[in-house]
file my_file_35.txt (compact mmCIF, N, CA and C atoms)
# COMPACT_ATOMS: atom_id res chain seq x y z
N MET A 1 0.82 -1.20 0.00
CA MET A 1 0.00 0.00 0.00
C MET A 1 0.86 1.26 0.00
N GLY A 2 2.18 1.11 0.23
CA GLY A 2 3.05 2.27 0.28
C GLY A 2 3.05 3.05 -1.02
N PHE A 3 3.22 4.31 -0.91
CA PHE A 3 3.18 5.21 -2.05
C PHE A 3 4.59 5.51 -2.51
N GLN A 4 4.87 5.23 -3.74
CA GLN A 4 6.17 5.55 -4.33
C GLN A 4 5.94 6.54 -5.45
N HIS A 5 6.45 7.71 -5.31
CA HIS A 5 6.21 8.77 -6.30
C HIS A 5 7.51 9.53 -6.53
N ASN A 6 8.52 8.81 -7.03
CA ASN A 6 9.82 9.42 -7.37
C ASN A 6 10.45 10.17 -6.20
N GLY A 7 10.43 9.57 -5.02
CA GLY A 7 11.07 10.18 -3.86
C GLY A 7 10.31 11.34 -3.27
N GLN A 8 9.10 11.57 -3.74
CA GLN A 8 8.32 12.67 -3.21
C GLN A 8 7.58 12.24 -1.95
N PHE A 9 7.02 13.22 -1.26
CA PHE A 9 6.32 12.95 -0.03
C PHE A 9 5.05 13.79 0.04
N ILE A 10 4.27 13.55 1.07
CA ILE A 10 3.05 14.29 1.31
C ILE A 10 3.37 15.35 2.35
N SER A 11 3.03 16.60 2.05
CA SER A 11 3.26 17.70 2.98
C SER A 11 1.98 17.99 3.75
N VAL A 12 2.13 18.20 5.04
CA VAL A 12 1.00 18.53 5.91
C VAL A 12 1.27 19.91 6.50
N VAL A 13 0.34 20.85 6.26
CA VAL A 13 0.48 22.20 6.79
C VAL A 13 -0.70 22.47 7.71
N ASP A 14 -0.41 22.62 8.99
CA ASP A 14 -1.46 22.88 9.98
C ASP A 14 -0.80 23.55 11.18
N ASP A 15 -1.42 24.62 11.68
CA ASP A 15 -0.85 25.32 12.82
C ASP A 15 -1.02 24.55 14.13
N ASN A 16 -1.90 23.56 14.15
CA ASN A 16 -2.15 22.76 15.35
C ASN A 16 -1.21 21.57 15.35
N GLU A 17 -0.29 21.56 16.32
CA GLU A 17 0.74 20.52 16.36
C GLU A 17 0.14 19.12 16.49
N SER A 18 -0.88 18.95 17.32
CA SER A 18 -1.46 17.62 17.48
C SER A 18 -2.13 17.15 16.19
N ALA A 19 -2.76 18.06 15.46
CA ALA A 19 -3.37 17.69 14.17
C ALA A 19 -2.30 17.29 13.17
N ARG A 20 -1.21 18.07 13.10
CA ARG A 20 -0.09 17.75 12.19
C ARG A 20 0.47 16.36 12.50
N THR A 21 0.72 16.12 13.78
CA THR A 21 1.30 14.86 14.21
C THR A 21 0.37 13.70 13.90
N ALA A 22 -0.92 13.88 14.15
CA ALA A 22 -1.90 12.82 13.89
C ALA A 22 -2.00 12.50 12.40
N ILE A 23 -2.08 13.53 11.58
CA ILE A 23 -2.18 13.30 10.13
C ILE A 23 -0.92 12.64 9.61
N GLN A 24 0.22 13.13 10.06
CA GLN A 24 1.49 12.55 9.62
C GLN A 24 1.57 11.08 10.05
N GLY A 25 1.11 10.78 11.26
CA GLY A 25 1.12 9.40 11.75
C GLY A 25 0.23 8.49 10.93
N VAL A 26 -0.96 8.97 10.55
CA VAL A 26 -1.88 8.19 9.72
C VAL A 26 -1.22 7.89 8.37
N LEU A 27 -0.61 8.88 7.77
CA LEU A 27 0.05 8.70 6.47
C LEU A 27 1.20 7.69 6.57
N LYS A 28 2.00 7.83 7.61
CA LYS A 28 3.14 6.94 7.79
C LYS A 28 2.70 5.52 8.12
N SER A 29 1.52 5.36 8.74
CA SER A 29 1.03 4.04 9.11
C SER A 29 0.77 3.15 7.89
N VAL A 30 0.58 3.76 6.73
CA VAL A 30 0.37 2.97 5.50
C VAL A 30 1.60 3.04 4.59
N GLY A 31 2.71 3.54 5.13
CA GLY A 31 3.97 3.51 4.40
C GLY A 31 4.28 4.74 3.56
N TRP A 32 3.48 5.77 3.67
CA TRP A 32 3.75 6.99 2.90
C TRP A 32 4.71 7.89 3.65
N GLN A 33 5.57 8.56 2.91
CA GLN A 33 6.47 9.55 3.51
C GLN A 33 5.71 10.86 3.68
N ALA A 34 5.84 11.48 4.84
CA ALA A 34 5.14 12.73 5.10
C ALA A 34 6.05 13.67 5.87
N ARG A 35 5.89 14.94 5.57
CA ARG A 35 6.60 16.00 6.31
C ARG A 35 5.56 17.02 6.72
N SER A 36 5.80 17.64 7.86
CA SER A 36 4.80 18.60 8.33
C SER A 36 5.41 19.97 8.58
N PHE A 37 4.55 20.98 8.47
CA PHE A 37 4.94 22.37 8.61
C PHE A 37 3.89 23.10 9.43
N PRO A 38 4.31 23.95 10.37
CA PRO A 38 3.35 24.65 11.24
C PRO A 38 2.67 25.86 10.60
N SER A 39 3.10 26.24 9.41
CA SER A 39 2.48 27.39 8.75
C SER A 39 2.69 27.30 7.24
N ALA A 40 1.84 28.01 6.53
CA ALA A 40 1.97 28.08 5.07
C ALA A 40 3.30 28.73 4.70
N GLU A 41 3.66 29.75 5.45
CA GLU A 41 4.91 30.45 5.17
C GLU A 41 6.12 29.53 5.31
N GLU A 42 6.12 28.71 6.38
CA GLU A 42 7.25 27.77 6.56
C GLU A 42 7.30 26.74 5.44
N PHE A 43 6.14 26.29 5.01
CA PHE A 43 6.10 25.35 3.88
C PHE A 43 6.69 26.00 2.63
N LEU A 44 6.26 27.22 2.32
CA LEU A 44 6.74 27.90 1.12
C LEU A 44 8.24 28.17 1.19
N GLU A 45 8.75 28.46 2.37
CA GLU A 45 10.17 28.77 2.54
C GLU A 45 11.04 27.53 2.69
N SER A 46 10.44 26.36 2.82
CA SER A 46 11.18 25.14 3.12
C SER A 46 12.04 24.62 1.97
N GLY A 47 11.72 25.03 0.76
CA GLY A 47 12.43 24.47 -0.38
C GLY A 47 11.94 23.07 -0.74
N GLN A 48 10.81 22.66 -0.19
CA GLN A 48 10.31 21.30 -0.40
C GLN A 48 9.15 21.23 -1.40
N LEU A 49 8.83 22.32 -2.08
CA LEU A 49 7.69 22.31 -3.00
C LEU A 49 7.85 21.26 -4.10
N ARG A 50 9.01 21.18 -4.68
CA ARG A 50 9.24 20.25 -5.80
C ARG A 50 9.09 18.79 -5.37
N GLU A 51 9.38 18.50 -4.10
CA GLU A 51 9.30 17.14 -3.59
C GLU A 51 7.92 16.79 -3.05
N THR A 52 6.98 17.72 -3.09
CA THR A 52 5.65 17.49 -2.55
C THR A 52 4.74 16.88 -3.62
N ALA A 53 4.30 15.65 -3.37
CA ALA A 53 3.39 14.96 -4.30
C ALA A 53 1.94 15.32 -4.02
N CYS A 54 1.64 15.66 -2.77
CA CYS A 54 0.28 16.01 -2.36
C CYS A 54 0.39 16.92 -1.14
N LEU A 55 -0.50 17.89 -1.05
CA LEU A 55 -0.51 18.82 0.07
C LEU A 55 -1.81 18.67 0.84
N ILE A 56 -1.69 18.46 2.15
CA ILE A 56 -2.84 18.47 3.04
C ILE A 56 -2.68 19.72 3.90
N THR A 57 -3.67 20.61 3.85
CA THR A 57 -3.54 21.86 4.59
C THR A 57 -4.81 22.22 5.33
N ASP A 58 -4.61 22.85 6.47
CA ASP A 58 -5.71 23.41 7.24
C ASP A 58 -6.22 24.63 6.48
N LEU A 59 -7.44 25.01 6.75
CA LEU A 59 -8.02 26.18 6.10
C LEU A 59 -7.64 27.45 6.86
N ARG A 60 -7.94 27.47 8.14
CA ARG A 60 -7.66 28.66 8.96
C ARG A 60 -6.37 28.48 9.74
N MET A 61 -5.45 29.41 9.47
CA MET A 61 -4.18 29.41 10.19
C MET A 61 -3.76 30.86 10.38
N PRO A 62 -3.00 31.16 11.42
CA PRO A 62 -2.47 32.52 11.56
C PRO A 62 -1.59 32.83 10.35
N GLY A 63 -1.55 34.07 9.95
CA GLY A 63 -0.78 34.43 8.77
C GLY A 63 -1.54 34.02 7.53
N MET A 64 -0.89 33.29 6.66
CA MET A 64 -1.49 32.87 5.40
C MET A 64 -2.45 31.70 5.62
N SER A 65 -3.66 31.83 5.12
CA SER A 65 -4.65 30.75 5.24
C SER A 65 -4.38 29.67 4.20
N GLY A 66 -5.08 28.56 4.34
CA GLY A 66 -4.95 27.49 3.36
C GLY A 66 -5.41 27.92 1.98
N LEU A 67 -6.49 28.71 1.92
CA LEU A 67 -6.96 29.22 0.63
C LEU A 67 -5.94 30.17 0.00
N GLU A 68 -5.31 31.00 0.82
CA GLU A 68 -4.27 31.90 0.30
C GLU A 68 -3.06 31.10 -0.18
N LEU A 69 -2.73 30.03 0.54
CA LEU A 69 -1.63 29.16 0.12
C LEU A 69 -1.97 28.53 -1.23
N GLN A 70 -3.17 28.03 -1.37
CA GLN A 70 -3.59 27.43 -2.64
C GLN A 70 -3.49 28.45 -3.77
N SER A 71 -3.99 29.66 -3.55
CA SER A 71 -3.93 30.71 -4.57
C SER A 71 -2.50 31.01 -4.97
N ARG A 72 -1.63 31.09 -3.99
CA ARG A 72 -0.22 31.40 -4.27
C ARG A 72 0.43 30.30 -5.09
N LEU A 73 0.16 29.05 -4.72
CA LEU A 73 0.74 27.93 -5.47
C LEU A 73 0.25 27.93 -6.92
N VAL A 74 -1.04 28.19 -7.11
CA VAL A 74 -1.61 28.23 -8.46
C VAL A 74 -0.98 29.38 -9.25
N GLU A 75 -0.89 30.55 -8.64
CA GLU A 75 -0.31 31.73 -9.32
C GLU A 75 1.13 31.47 -9.74
N GLU A 76 1.88 30.74 -8.90
CA GLU A 76 3.29 30.50 -9.19
C GLU A 76 3.51 29.25 -10.06
N GLY A 77 2.42 28.61 -10.47
CA GLY A 77 2.53 27.48 -11.39
C GLY A 77 2.83 26.14 -10.75
N TRP A 78 2.74 26.04 -9.44
CA TRP A 78 2.97 24.76 -8.79
C TRP A 78 1.72 23.92 -8.95
N ARG A 79 1.91 22.69 -9.35
CA ARG A 79 0.80 21.79 -9.60
C ARG A 79 0.92 20.57 -8.71
N MET A 80 0.06 20.49 -7.72
CA MET A 80 0.03 19.33 -6.83
C MET A 80 -1.39 19.21 -6.30
N PRO A 81 -1.85 17.99 -6.05
CA PRO A 81 -3.18 17.86 -5.46
C PRO A 81 -3.19 18.46 -4.05
N ILE A 82 -4.29 19.16 -3.74
CA ILE A 82 -4.43 19.78 -2.43
C ILE A 82 -5.70 19.25 -1.78
N ILE A 83 -5.55 18.84 -0.52
CA ILE A 83 -6.68 18.38 0.28
C ILE A 83 -6.77 19.30 1.49
N PHE A 84 -7.94 19.90 1.66
CA PHE A 84 -8.17 20.77 2.81
C PHE A 84 -8.78 19.97 3.95
N VAL A 85 -8.33 20.25 5.16
CA VAL A 85 -8.94 19.73 6.38
C VAL A 85 -9.21 20.93 7.28
N THR A 86 -10.43 21.01 7.82
CA THR A 86 -10.76 22.19 8.60
C THR A 86 -11.89 21.93 9.58
N ALA A 87 -11.85 22.64 10.67
CA ALA A 87 -12.95 22.63 11.64
C ALA A 87 -13.83 23.86 11.44
N HIS A 88 -13.43 24.74 10.53
CA HIS A 88 -14.10 26.03 10.39
C HIS A 88 -14.55 26.34 8.97
N GLY A 89 -14.73 25.36 8.15
CA GLY A 89 -15.10 25.62 6.77
C GLY A 89 -16.60 25.79 6.60
N ASP A 90 -16.95 26.52 5.57
CA ASP A 90 -18.36 26.64 5.20
C ASP A 90 -18.48 26.33 3.71
N SER A 91 -19.71 26.28 3.21
CA SER A 91 -19.91 25.89 1.81
C SER A 91 -19.26 26.88 0.84
N ARG A 92 -19.23 28.14 1.19
CA ARG A 92 -18.60 29.15 0.32
C ARG A 92 -17.10 28.89 0.19
N MET A 93 -16.45 28.61 1.32
CA MET A 93 -15.01 28.32 1.31
C MET A 93 -14.73 27.02 0.57
N GLN A 94 -15.59 26.02 0.78
CA GLN A 94 -15.42 24.75 0.10
C GLN A 94 -15.55 24.92 -1.41
N THR A 95 -16.56 25.68 -1.83
CA THR A 95 -16.76 25.93 -3.26
C THR A 95 -15.55 26.64 -3.85
N ARG A 96 -15.04 27.64 -3.15
CA ARG A 96 -13.86 28.39 -3.62
C ARG A 96 -12.66 27.46 -3.77
N ALA A 97 -12.43 26.63 -2.77
CA ALA A 97 -11.28 25.72 -2.79
C ALA A 97 -11.41 24.71 -3.94
N MET A 98 -12.59 24.16 -4.11
CA MET A 98 -12.78 23.14 -5.14
C MET A 98 -12.70 23.75 -6.54
N LYS A 99 -13.24 24.94 -6.72
CA LYS A 99 -13.14 25.61 -8.03
C LYS A 99 -11.69 25.92 -8.39
N ALA A 100 -10.87 26.16 -7.37
CA ALA A 100 -9.45 26.45 -7.61
C ALA A 100 -8.62 25.18 -7.76
N GLY A 101 -9.28 24.02 -7.70
CA GLY A 101 -8.57 22.79 -7.98
C GLY A 101 -8.34 21.84 -6.82
N ALA A 102 -8.86 22.14 -5.63
CA ALA A 102 -8.67 21.22 -4.51
C ALA A 102 -9.28 19.86 -4.84
N ARG A 103 -8.66 18.80 -4.36
CA ARG A 103 -9.16 17.45 -4.60
C ARG A 103 -10.20 17.03 -3.58
N ALA A 104 -10.11 17.59 -2.36
CA ALA A 104 -11.06 17.23 -1.30
C ALA A 104 -11.11 18.33 -0.26
N PHE A 105 -12.19 18.33 0.50
CA PHE A 105 -12.41 19.32 1.55
C PHE A 105 -13.07 18.56 2.70
N LEU A 106 -12.27 18.23 3.72
CA LEU A 106 -12.75 17.40 4.82
C LEU A 106 -12.92 18.22 6.10
N GLY A 107 -14.01 17.98 6.80
CA GLY A 107 -14.23 18.62 8.09
C GLY A 107 -13.50 17.86 9.19
N LYS A 108 -12.99 18.61 10.17
CA LYS A 108 -12.37 18.00 11.35
C LYS A 108 -13.47 17.82 12.39
N PRO A 109 -13.48 16.74 13.11
CA PRO A 109 -12.62 15.57 12.93
C PRO A 109 -13.08 14.76 11.73
N PHE A 110 -12.15 14.03 11.15
CA PHE A 110 -12.46 13.21 9.98
C PHE A 110 -12.02 11.79 10.28
N ASP A 111 -12.57 10.86 9.54
CA ASP A 111 -12.21 9.46 9.66
C ASP A 111 -10.87 9.26 8.95
N ASP A 112 -9.94 8.59 9.61
CA ASP A 112 -8.62 8.36 9.01
C ASP A 112 -8.70 7.65 7.67
N GLU A 113 -9.59 6.68 7.56
CA GLU A 113 -9.74 5.94 6.31
C GLU A 113 -10.23 6.84 5.18
N VAL A 114 -11.10 7.79 5.51
CA VAL A 114 -11.58 8.74 4.49
C VAL A 114 -10.41 9.60 4.01
N LEU A 115 -9.59 10.08 4.93
CA LEU A 115 -8.42 10.87 4.54
C LEU A 115 -7.49 10.05 3.66
N LEU A 116 -7.20 8.82 4.07
CA LEU A 116 -6.30 7.97 3.27
C LEU A 116 -6.86 7.72 1.88
N GLU A 117 -8.15 7.50 1.78
CA GLU A 117 -8.77 7.27 0.47
C GLU A 117 -8.70 8.52 -0.39
N GLU A 118 -8.92 9.68 0.20
CA GLU A 118 -8.83 10.94 -0.56
C GLU A 118 -7.41 11.18 -1.05
N VAL A 119 -6.42 10.90 -0.21
CA VAL A 119 -5.02 11.07 -0.62
C VAL A 119 -4.70 10.07 -1.73
N ARG A 120 -5.08 8.82 -1.54
CA ARG A 120 -4.82 7.78 -2.54
C ARG A 120 -5.42 8.18 -3.89
N THR A 121 -6.67 8.62 -3.86
CA THR A 121 -7.35 9.02 -5.09
C THR A 121 -6.66 10.22 -5.73
N ALA A 122 -6.30 11.22 -4.92
CA ALA A 122 -5.63 12.41 -5.44
C ALA A 122 -4.31 12.04 -6.11
N LEU A 123 -3.55 11.16 -5.49
CA LEU A 123 -2.26 10.74 -6.05
C LEU A 123 -2.44 9.95 -7.34
N GLU A 124 -3.43 9.07 -7.35
CA GLU A 124 -3.69 8.28 -8.57
C GLU A 124 -4.12 9.18 -9.72
N ILE A 125 -5.01 10.13 -9.45
CA ILE A 125 -5.47 11.05 -10.50
C ILE A 125 -4.30 11.90 -11.00
N ASP A 126 -3.49 12.39 -10.07
CA ASP A 126 -2.36 13.22 -10.45
C ASP A 126 -1.37 12.43 -11.30
N LEU A 127 -1.09 11.20 -10.91
CA LEU A 127 -0.17 10.37 -11.68
C LEU A 127 -0.72 10.07 -13.07
N ALA A 128 -2.01 9.79 -13.16
CA ALA A 128 -2.64 9.54 -14.46
C ALA A 128 -2.57 10.78 -15.34
N GLU A 129 -2.79 11.96 -14.76
CA GLU A 129 -2.70 13.20 -15.53
C GLU A 129 -1.28 13.44 -16.01
N GLN A 130 -0.30 13.17 -15.16
CA GLN A 130 1.10 13.34 -15.56
C GLN A 130 1.44 12.40 -16.71
N ASN A 131 1.00 11.15 -16.60
CA ASN A 131 1.26 10.18 -17.67
C ASN A 131 0.59 10.58 -18.97
N ARG A 132 -0.64 11.07 -18.86
CA ARG A 132 -1.37 11.50 -20.06
C ARG A 132 -0.66 12.69 -20.70
N ASN A 133 -0.23 13.66 -19.90
CA ASN A 133 0.48 14.83 -20.43
C ASN A 133 1.82 14.42 -21.03
N HIS A 134 2.50 13.48 -20.40
CA HIS A 134 3.78 12.99 -20.91
C HIS A 134 3.57 12.29 -22.25
N CYS A 135 2.52 11.48 -22.33
CA CYS A 135 2.23 10.76 -23.58
C CYS A 135 1.89 11.74 -24.70
N LYS A 136 1.15 12.80 -24.37
CA LYS A 136 0.81 13.78 -25.40
C LYS A 136 2.06 14.34 -26.05
N GLY A 137 3.05 14.65 -25.22
CA GLY A 137 4.31 15.18 -25.76
C GLY A 137 5.04 14.16 -26.59
N GLU A 138 5.15 12.92 -26.07
CA GLU A 138 5.83 11.86 -26.81
C GLU A 138 5.06 11.48 -28.06
N CYS A 139 3.74 11.38 -27.92
CA CYS A 139 2.91 11.00 -29.07
C CYS A 139 3.00 12.04 -30.17
N ALA A 140 3.05 13.31 -29.79
CA ALA A 140 3.18 14.37 -30.79
C ALA A 140 4.53 14.27 -31.49
N LEU A 141 5.58 13.94 -30.72
CA LEU A 141 6.91 13.79 -31.33
C LEU A 141 6.93 12.60 -32.30
N ARG A 142 6.30 11.49 -31.89
CA ARG A 142 6.28 10.31 -32.74
C ARG A 142 5.51 10.57 -34.05
N SER A 143 4.38 11.25 -33.94
CA SER A 143 3.57 11.48 -35.15
C SER A 143 4.24 12.50 -36.07
N ALA A 144 5.12 13.34 -35.53
CA ALA A 144 5.82 14.31 -36.36
C ALA A 144 6.97 13.69 -37.14
N GLU A 145 7.40 12.52 -36.69
CA GLU A 145 8.56 11.87 -37.34
C GLU A 145 8.24 11.31 -38.70
call {"tool": "encode", "arguments": {"input": "my_file_35.txt", "output": "structure tokens"}}
result
Amino acid sequence: MGFQHNGQFISVVDDNESARTAIQGVLKSVGWQARSFPSAEEFLESGQLRETACLITDLRMPGMSGLELQSRLVEEGWRMPIIFVTAHGDSRMQTRAMKAGARAFLGKPFDDEVLLEEVRTALEIDLAEQNRNHCKGECALRSAE
């Protein structure tokens, strides 16, 4: 069940240390590599964006919110599945996150199995999209020959 994605890992951004630790523990329990960050700013400054296969982030955090983090990543061209977890979300925030490309929006507390399934699905979809985009480039080269 372990996730192998070219040495990449799942990043967890949450200002609540116990939430970060719990999510990271759930991910590691199925063999996935995970790293955690106490703020969006620390995640952005970590130099770990390229190694992040999936991002799990809280919605409300001091400083930059999860929605602001998502907007910044999109603006800067970073492409990774994002899963929001929050105790303070509403339908407006959920709609905004999903329209901007979030893969899931889970309320806290959430079932660990639901989180794992959402991450698994996000990674599978992302990998399929990467393969499809890679094939488009190769297929175009082959047909041009």
call {"tool": "atom_distance", "arguments": {"input": "my_file_35.txt", "atom1": "atom N of A:Glu76", "atom2": "atom C of A:Phe105"}}
result
22.5 Å
call {"tool": "residues_around", "arguments": {"input": "my_file_35.txt", "residues": "stretch 62-68 of chain A", "least_positions_apart": "3", "cutoff": "7 Å", "atoms": "only N, CA and C atoms", "output": "list in words"}}
result
Asp15, Ser39, Ala40, Glu41, Thr57, Asp58, Leu59, Ser71, Arg72, Leu73 and Ala97 of chain A
call {"tool": "select_by_dssp", "arguments": {"input": "my_file_35.txt", "residues": "chain A", "states": "alpha helix (DSSP H)", "output": "MDAnalysis selection string"}}
result
chainID A and resid 17:29 40:45 66:75 91:99 112:144
call {"tool": "atom_distance", "arguments": {"input": "my_file_35.txt", "atom1": "atom N of A:Gly47", "atom2": "atom CA of A:Gln8"}}
result
13.4 Å
call {"tool": "closest_residue", "arguments": {"input": "my_file_35.txt", "among": "A:Gln130, A:Ser18, A:Gln94, A:Thr52", "to": "A:Ala34", "atoms": "only C-alpha atoms"}}
result
A:Thr52
call {"tool": "closest_residue", "arguments": {"input": "my_file_35.txt", "among": "A:Glu124, A:Glu42, A:Glu129, A:Asp111", "to": "A:Val85", "atoms": "only C-alpha atoms"}}
result
A:Asp111
call {"tool": "atom_distance", "arguments": {"input": "my_file_35.txt", "atom1": "atom C of A:Ser36", "atom2": "atom CA of A:Glu113"}}
result
20.8 Å
call {"tool": "residues_near_point", "arguments": {"input": "my_file_35.txt", "point": "(1.9, 22.1, 7.2)", "cutoff": "5 Å", "atoms": "all atoms listed in the file", "output": "list in words"}}
result
Val12, Val13, Asp14, Ser36, Phe37, Pro38 and Ser39 of chain A
call {"tool": "select_by_dssp", "arguments": {"input": "my_file_35.txt", "residues": "stretch 24-115 of chain A", "states": "strand (DSSP E or B)", "output": "PDB file with N, CA and C atoms, in the coordinates of the input"}}
result
ATOM      1  N   ALA A  34       5.840  11.480   4.840  1.00  0.00           N
ATOM      2  CA  ALA A  34       5.140  12.730   5.100  1.00  0.00           C
ATOM      3  C   ALA A  34       6.050  13.670   5.870  1.00  0.00           C
ATOM      4  N   ARG A  35       5.890  14.940   5.570  1.00  0.00           N
ATOM      5  CA  ARG A  35       6.600  16.000   6.310  1.00  0.00           C
ATOM      6  C   ARG A  35       5.560  17.020   6.720  1.00  0.00           C
ATOM      7  N   SER A  36       5.800  17.640   7.860  1.00  0.00           N
ATOM      8  CA  SER A  36       4.800  18.600   8.330  1.00  0.00           C
ATOM      9  C   SER A  36       5.410  19.970   8.580  1.00  0.00           C
ATOM     10  N   PHE A  37       4.550  20.980   8.470  1.00  0.00           N
ATOM     11  CA  PHE A  37       4.940  22.370   8.610  1.00  0.00           C
ATOM     12  C   PHE A  37       3.890  23.100   9.430  1.00  0.00           C
ATOM     13  N   THR A  52       6.980  17.720  -3.090  1.00  0.00           N
ATOM     14  CA  THR A  52       5.650  17.490  -2.550  1.00  0.00           C
ATOM     15  C   THR A  52       4.740  16.880  -3.620  1.00  0.00           C
ATOM     16  N   ALA A  53       4.300  15.650  -3.370  1.00  0.00           N
ATOM     17  CA  ALA A  53       3.390  14.960  -4.300  1.00  0.00           C
ATOM     18  C   ALA A  53       1.940  15.320  -4.020  1.00  0.00           C
ATOM     19  N   CYS A  54       1.640  15.660  -2.770  1.00  0.00           N
ATOM     20  CA  CYS A  54       0.280  16.010  -2.360  1.00  0.00           C
ATOM     21  C   CYS A  54       0.390  16.920  -1.140  1.00  0.00           C
ATOM     22  N   LEU A  55      -0.500  17.890  -1.050  1.00  0.00           N
ATOM     23  CA  LEU A  55      -0.510  18.820   0.070  1.00  0.00           C
ATOM     24  C   LEU A  55      -1.810  18.670   0.840  1.00  0.00           C
ATOM     25  N   ILE A  56      -1.690  18.460   2.150  1.00  0.00           N
ATOM     26  CA  ILE A  56      -2.840  18.470   3.040  1.00  0.00           C
ATOM     27  C   ILE A  56      -2.680  19.720   3.900  1.00  0.00           C
ATOM     28  N   THR A  57      -3.670  20.610   3.850  1.00  0.00           N
ATOM     29  CA  THR A  57      -3.540  21.860   4.590  1.00  0.00           C
ATOM     30  C   THR A  57      -4.810  22.220   5.330  1.00  0.00           C
ATOM     31  N   ASP A  58      -4.610  22.850   6.470  1.00  0.00           N
ATOM     32  CA  ASP A  58      -5.710  23.410   7.240  1.00  0.00           C
ATOM     33  C   ASP A  58      -6.220  24.630   6.480  1.00  0.00           C
ATOM     34  N   ILE A  82      -4.290  19.160  -3.740  1.00  0.00           N
ATOM     35  CA  ILE A  82      -4.430  19.780  -2.430  1.00  0.00           C
ATOM     36  C   ILE A  82      -5.700  19.250  -1.780  1.00  0.00           C
ATOM     37  N   ILE A  83      -5.550  18.840  -0.520  1.00  0.00           N
ATOM     38  CA  ILE A  83      -6.680  18.380   0.280  1.00  0.00           C
ATOM     39  C   ILE A  83      -6.770  19.300   1.490  1.00  0.00           C
ATOM     40  N   PHE A  84      -7.940  19.900   1.660  1.00  0.00           N
ATOM     41  CA  PHE A  84      -8.170  20.770   2.810  1.00  0.00           C
ATOM     42  C   PHE A  84      -8.780  19.970   3.950  1.00  0.00           C
ATOM     43  N   VAL A  85      -8.330  20.250   5.160  1.00  0.00           N
ATOM     44  CA  VAL A  85      -8.940  19.730   6.380  1.00  0.00           C
ATOM     45  C   VAL A  85      -9.210  20.930   7.280  1.00  0.00           C
ATOM     46  N   THR A  86     -10.430  21.010   7.820  1.00  0.00           N
ATOM     47  CA  THR A  86     -10.760  22.190   8.600  1.00  0.00           C
ATOM     48  C   THR A  86     -11.890  21.930   9.580  1.00  0.00           C
ATOM     49  N   ALA A 104     -10.110  17.590  -2.360  1.00  0.00           N
ATOM     50  CA  ALA A 104     -11.060  17.230  -1.300  1.00  0.00           C
ATOM     51  C   ALA A 104     -11.110  18.330  -0.260  1.00  0.00           C
ATOM     52  N   PHE A 105     -12.190  18.330   0.500  1.00  0.00           N
ATOM     53  CA  PHE A 105     -12.410  19.320   1.550  1.00  0.00           C
ATOM     54  C   PHE A 105     -13.070  18.560   2.700  1.00  0.00           C
ATOM     55  N   LEU A 106     -12.270  18.230   3.720  1.00  0.00           N
ATOM     56  CA  LEU A 106     -12.750  17.400   4.820  1.00  0.00           C
ATOM     57  C   LEU A 106     -12.920  18.220   6.100  1.00  0.00           C
ATOM     58  N   GLY A 107     -14.010  17.980   6.800  1.00  0.00           N
ATOM     59  CA  GLY A 107     -14.230  18.620   8.090  1.00  0.00           C
ATOM     60  C   GLY A 107     -13.500  17.860   9.190  1.00  0.00           C
TER      61      GLY A 107
END
